[in-house]
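K.L.:
Before I ask anything, here is the structure I am working with.
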Amino acid sequence: MALLDERFADIDRRLAERLKNARSSTTHPGVRGDELAGALGEEIRDHLIDCASFHERCEIRDTRGALSQEVDLVLLNRFHPAFLLKNRPRIFFIEGVLAAAEVKTSLDKGETVDCLRKAQAFKRLQSKMTASDLEAHNVDNADWDRYLMRRPFFAFAYEDNRNLRTVKKNIEEWIKENNVPKEEQIDAVFVLNRSIIVNLGAGTGIGAIEIWGEKAHLLSGFAQKGTSSIFSQLILWLSLVCPSFTSLDSILLKYASFGADGYVN
């Protein structure tokens, strides 16, 4: 077992225990969902350096007025205006978002489709980047459309008893049936103690994530892997795909202008 997997194995066990405790404390699925999204958010915030805060059941907007559906978990960077974090309903600016996620107690076909719909609505949002913003970030040019102009979206399930190939098939069929463009597709699915599905895009060999198959060829599209080391892989994936900025022009100025009218000398 890799050092990171071993170190983070306690977190996988801790998350599994949170599911057990949530089920024993209430039968209401909404309460369980909020509690489990918060538990995952706490662990990510504590282990992902660029995550300044996390928030549950929020919406995100962009400068064009486009709005996401309500998503379970939003991870913010340190540049997001703090005053918008305090009161509900919370609507955040896409430029201040590191990533967003739908968190499920159990992932069946219906819940999988719900994740895909919310992923598409979120991935339609586009961040407004200035010239100086584009000079100081960590995203490879090949990934700009997926992880910089748009932001990563993943699903996290605490359990799923289905065959991994079935989950992947559900994803691929829904995307094909609904003609979802590549840039609006979900980026990854993590199932605690079981599996990971990662969207590799075109598999061109450039970008943050390259995965080679058994026959020494680059994989493309949705690739699957059975593993019990989920949280360590989630943190590593987020570290690869989340945009990190050394500086970012004021997000507020992307949504409003300083009033220049009415002044006199």
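We name chains A, B, ... following the order of the structure tokens; residues begin at 1 in each chain, and ligands are numbered from 1 as shown.
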Give me the residues near A:Leu219 as a PDB file with N, CA, C and O atoms, in the first residue's frame, where near means some atom within 9 Å (using only C-alpha atoms) and where sequence neighbours in that chain fewer than 3 positions away do not count.
P.N.:
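File produced: selection-v3.pdb:
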ATOM      1  N   LEU A 200     -11.579  10.723 -18.784  1.00  0.00           N
ATOM      2  CA  LEU A 200     -10.271  11.059 -19.341  1.00  0.00           C
ATOM      3  C   LEU A 200     -10.361  11.900 -20.603  1.00  0.00           C
ATOM      4  O   LEU A 200      -9.330  12.239 -21.198  1.00  0.00           O
ATOM      5  N   GLY A 201     -11.570  12.230 -21.018  1.00  0.00           N
ATOM      6  CA  GLY A 201     -11.723  13.030 -22.223  1.00  0.00           C
ATOM      7  C   GLY A 201     -11.250  12.278 -23.456  1.00  0.00           C
ATOM      8  O   GLY A 201     -11.460  11.068 -23.594  1.00  0.00           O
ATOM      9  N   ALA A 202     -10.552  12.986 -24.338  1.00  0.00           N
ATOM     10  CA  ALA A 202     -10.147  12.404 -25.616  1.00  0.00           C
ATOM     11  C   ALA A 202      -8.941  11.480 -25.496  1.00  0.00           C
ATOM     12  O   ALA A 202      -8.608  10.762 -26.445  1.00  0.00           O
ATOM     13  N   GLY A 203      -8.253  11.494 -24.336  1.00  0.00           N
ATOM     14  CA  GLY A 203      -7.088  10.635 -24.171  1.00  0.00           C
ATOM     15  C   GLY A 203      -5.969  10.980 -25.134  1.00  0.00           C
ATOM     16  O   GLY A 203      -5.383  10.104 -25.783  1.00  0.00           O
ATOM     17  N   THR A 204      -5.642  12.274 -25.233  1.00  0.00           N
ATOM     18  CA  THR A 204      -4.661  12.741 -26.211  1.00  0.00           C
ATOM     19  C   THR A 204      -3.225  12.649 -25.717  1.00  0.00           C
ATOM     20  O   THR A 204      -2.289  12.868 -26.491  1.00  0.00           O
ATOM     21  N   GLU A 210      -3.251  11.340 -17.379  1.00  0.00           N
ATOM     22  CA  GLU A 210      -3.007  10.370 -18.441  1.00  0.00           C
ATOM     23  C   GLU A 210      -3.006   8.982 -17.813  1.00  0.00           C
ATOM     24  O   GLU A 210      -2.301   8.743 -16.836  1.00  0.00           O
ATOM     25  N   ILE A 211      -3.796   8.071 -18.355  1.00  0.00           N
ATOM     26  CA  ILE A 211      -3.849   6.706 -17.834  1.00  0.00           C
ATOM     27  C   ILE A 211      -3.633   5.738 -18.987  1.00  0.00           C
ATOM     28  O   ILE A 211      -4.299   5.821 -20.019  1.00  0.00           O
ATOM     29  N   TRP A 212      -2.687   4.830 -18.773  1.00  0.00           N
ATOM     30  CA  TRP A 212      -2.340   3.857 -19.811  1.00  0.00           C
ATOM     31  C   TRP A 212      -3.015   2.533 -19.530  1.00  0.00           C
ATOM     32  O   TRP A 212      -3.050   2.064 -18.394  1.00  0.00           O
ATOM     33  N   GLY A 213      -3.555   1.921 -20.575  1.00  0.00           N
ATOM     34  CA  GLY A 213      -4.213   0.631 -20.443  1.00  0.00           C
ATOM     35  C   GLY A 213      -3.237  -0.524 -20.433  1.00  0.00           C
ATOM     36  O   GLY A 213      -2.016  -0.349 -20.552  1.00  0.00           O
ATOM     37  N   PHE A 222     -14.487   7.293 -20.268  1.00  0.00           N
ATOM     38  CA  PHE A 222     -14.627   6.939 -18.853  1.00  0.00           C
ATOM     39  C   PHE A 222     -13.850   5.657 -18.555  1.00  0.00           C
ATOM     40  O   PHE A 222     -14.092   4.611 -19.150  1.00  0.00           O
ATOM     41  N   ALA A 223     -12.899   5.767 -17.639  1.00  0.00           N
ATOM     42  CA  ALA A 223     -12.089   4.626 -17.224  1.00  0.00           C
ATOM     43  C   ALA A 223     -12.437   4.275 -15.785  1.00  0.00           C
ATOM     44  O   ALA A 223     -12.668   5.159 -14.957  1.00  0.00           O
TER      45      ALA A 223
END
K.L.:
If we count only C-alpha atoms, what is near A:Arg151 at a cut-off of 8 Å, once residues fewer than 3 positions away on the same chain are taken out, given as a PyMOL selection string?
P.N.:
chain A and resi 94+97-100+123+146-148+242-243
K.L.:
Just the residues within 9 Å of stretch 153-160 of chain A, please, counting only C-alpha atoms, with nothing from its chain fewer than 2 positions along; format it as a ChimeraX atom specification.
P.N.:
/A:15-16,19,36-37,40,99-108,112,115-116,118-120,122-123,151,162-164,167,185-194
K.L.:
Could you pull the residues within 6 Å of A:Glu59, counting only C-alpha atoms, minus those fewer than 4 positions along the same chain, as a PyMOL selection string?
P.N.:
chain A and resi 68-70+91
K.L.:
As a VMD selection string, which residues of stretch 38-211 of chain A does DSSP assign to alpha helix (DSSP H)?
P.N.:
chain A and resid 38 to 47 109 to 123 131 to 135 164 to 177
K.L.:
I'd like the contact shell of A:Gly96 - 12 Å cut-off, only C-alpha atoms, skipping same-chain residues fewer than 6 positions apart - returned as a PyMOL selection string.
P.N.:
chain A and resi 50-54+60-62+74-82+84-85+126-129+148-151+242-245+247-252+254
K.L.:
In Å, how far is it from atom CA of A:Asp114 to atom CA of A:Asp46?
P.N.:
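We find that atom CA of A:Asp114 and atom CA of A:Asp46 lie 27.7 Å from each other.
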K.L.:
Considering only C-alpha atoms, state which residue in the set A:Ala260, A:Ala22, A:Ile196, A:Leu3 is at the smallest distance from A:Ser228.
P.N.:
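Of the candidates, the smallest distance to A:Ser228 is held by A:Ile196.
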K.L.:
Pull the strand (DSSP E) assignments for stretch 17-265 of chain A out of DSSP run on the backbone, and list those residues as a PyMOL selection string.
P.N.:
chain A and resi 53-61+71-76+91-93+97-104+153-157+188-191+195-199+222-226
K.L.:
So which residues touch A:Arg14 within 10 Å, counting only C-alpha atoms, skipping near sequence neighbours fewer than 6 positions away, as a PyMOL selection string?
P.N.:
chain A and resi 8+20+39-40+43
K.L.:
Export, as an mmCIF file, in the first residue's frame, the selected residues with N, CA, C and O atoms.
P.N.:
data_model
loop_
_atom_site.group_PDB
_atom_site.id
_atom_site.type_symbol
_atom_site.label_atom_id
_atom_site.label_comp_id
_atom_site.auth_asym_id
_atom_site.auth_seq_id
_atom_site.Cartn_x
_atom_site.Cartn_y
_atom_site.Cartn_z
ATOM 1 N N PHE A 8 -4.209 7.760 4.692
ATOM 2 C CA PHE A 8 -5.591 8.217 4.542
ATOM 3 C C PHE A 8 -6.623 7.105 4.719
ATOM 4 O O PHE A 8 -7.819 7.368 4.613
ATOM 5 N N LYS A 20 -22.714 5.010 8.981
ATOM 6 C CA LYS A 20 -23.346 4.145 9.976
ATOM 7 C C LYS A 20 -24.048 4.972 11.044
ATOM 8 O O LYS A 20 -25.197 4.698 11.412
ATOM 9 N N ALA A 39 -19.577 15.903 6.220
ATOM 10 C CA ALA A 39 -18.460 15.070 6.674
ATOM 11 C C ALA A 39 -17.381 14.989 5.602
ATOM 12 O O ALA A 39 -16.172 15.104 5.898
ATOM 13 N N LEU A 40 -17.787 14.809 4.362
ATOM 14 C CA LEU A 40 -16.812 14.768 3.270
ATOM 15 C C LEU A 40 -16.146 16.125 3.091
ATOM 16 O O LEU A 40 -14.925 16.216 2.905
ATOM 17 N N GLU A 43 -13.320 16.777 5.606
ATOM 18 C CA GLU A 43 -12.083 16.046 5.321
ATOM 19 C C GLU A 43 -11.338 16.669 4.144
ATOM 20 O O GLU A 43 -10.106 16.790 4.172
#
K.L.:
May I ask which of the residues A:Arg165, A:Ile44, A:Trp237, A:Glu183 is the closest one to A:Asp143, counting only C-alpha atoms?
P.N.:
A:Glu183
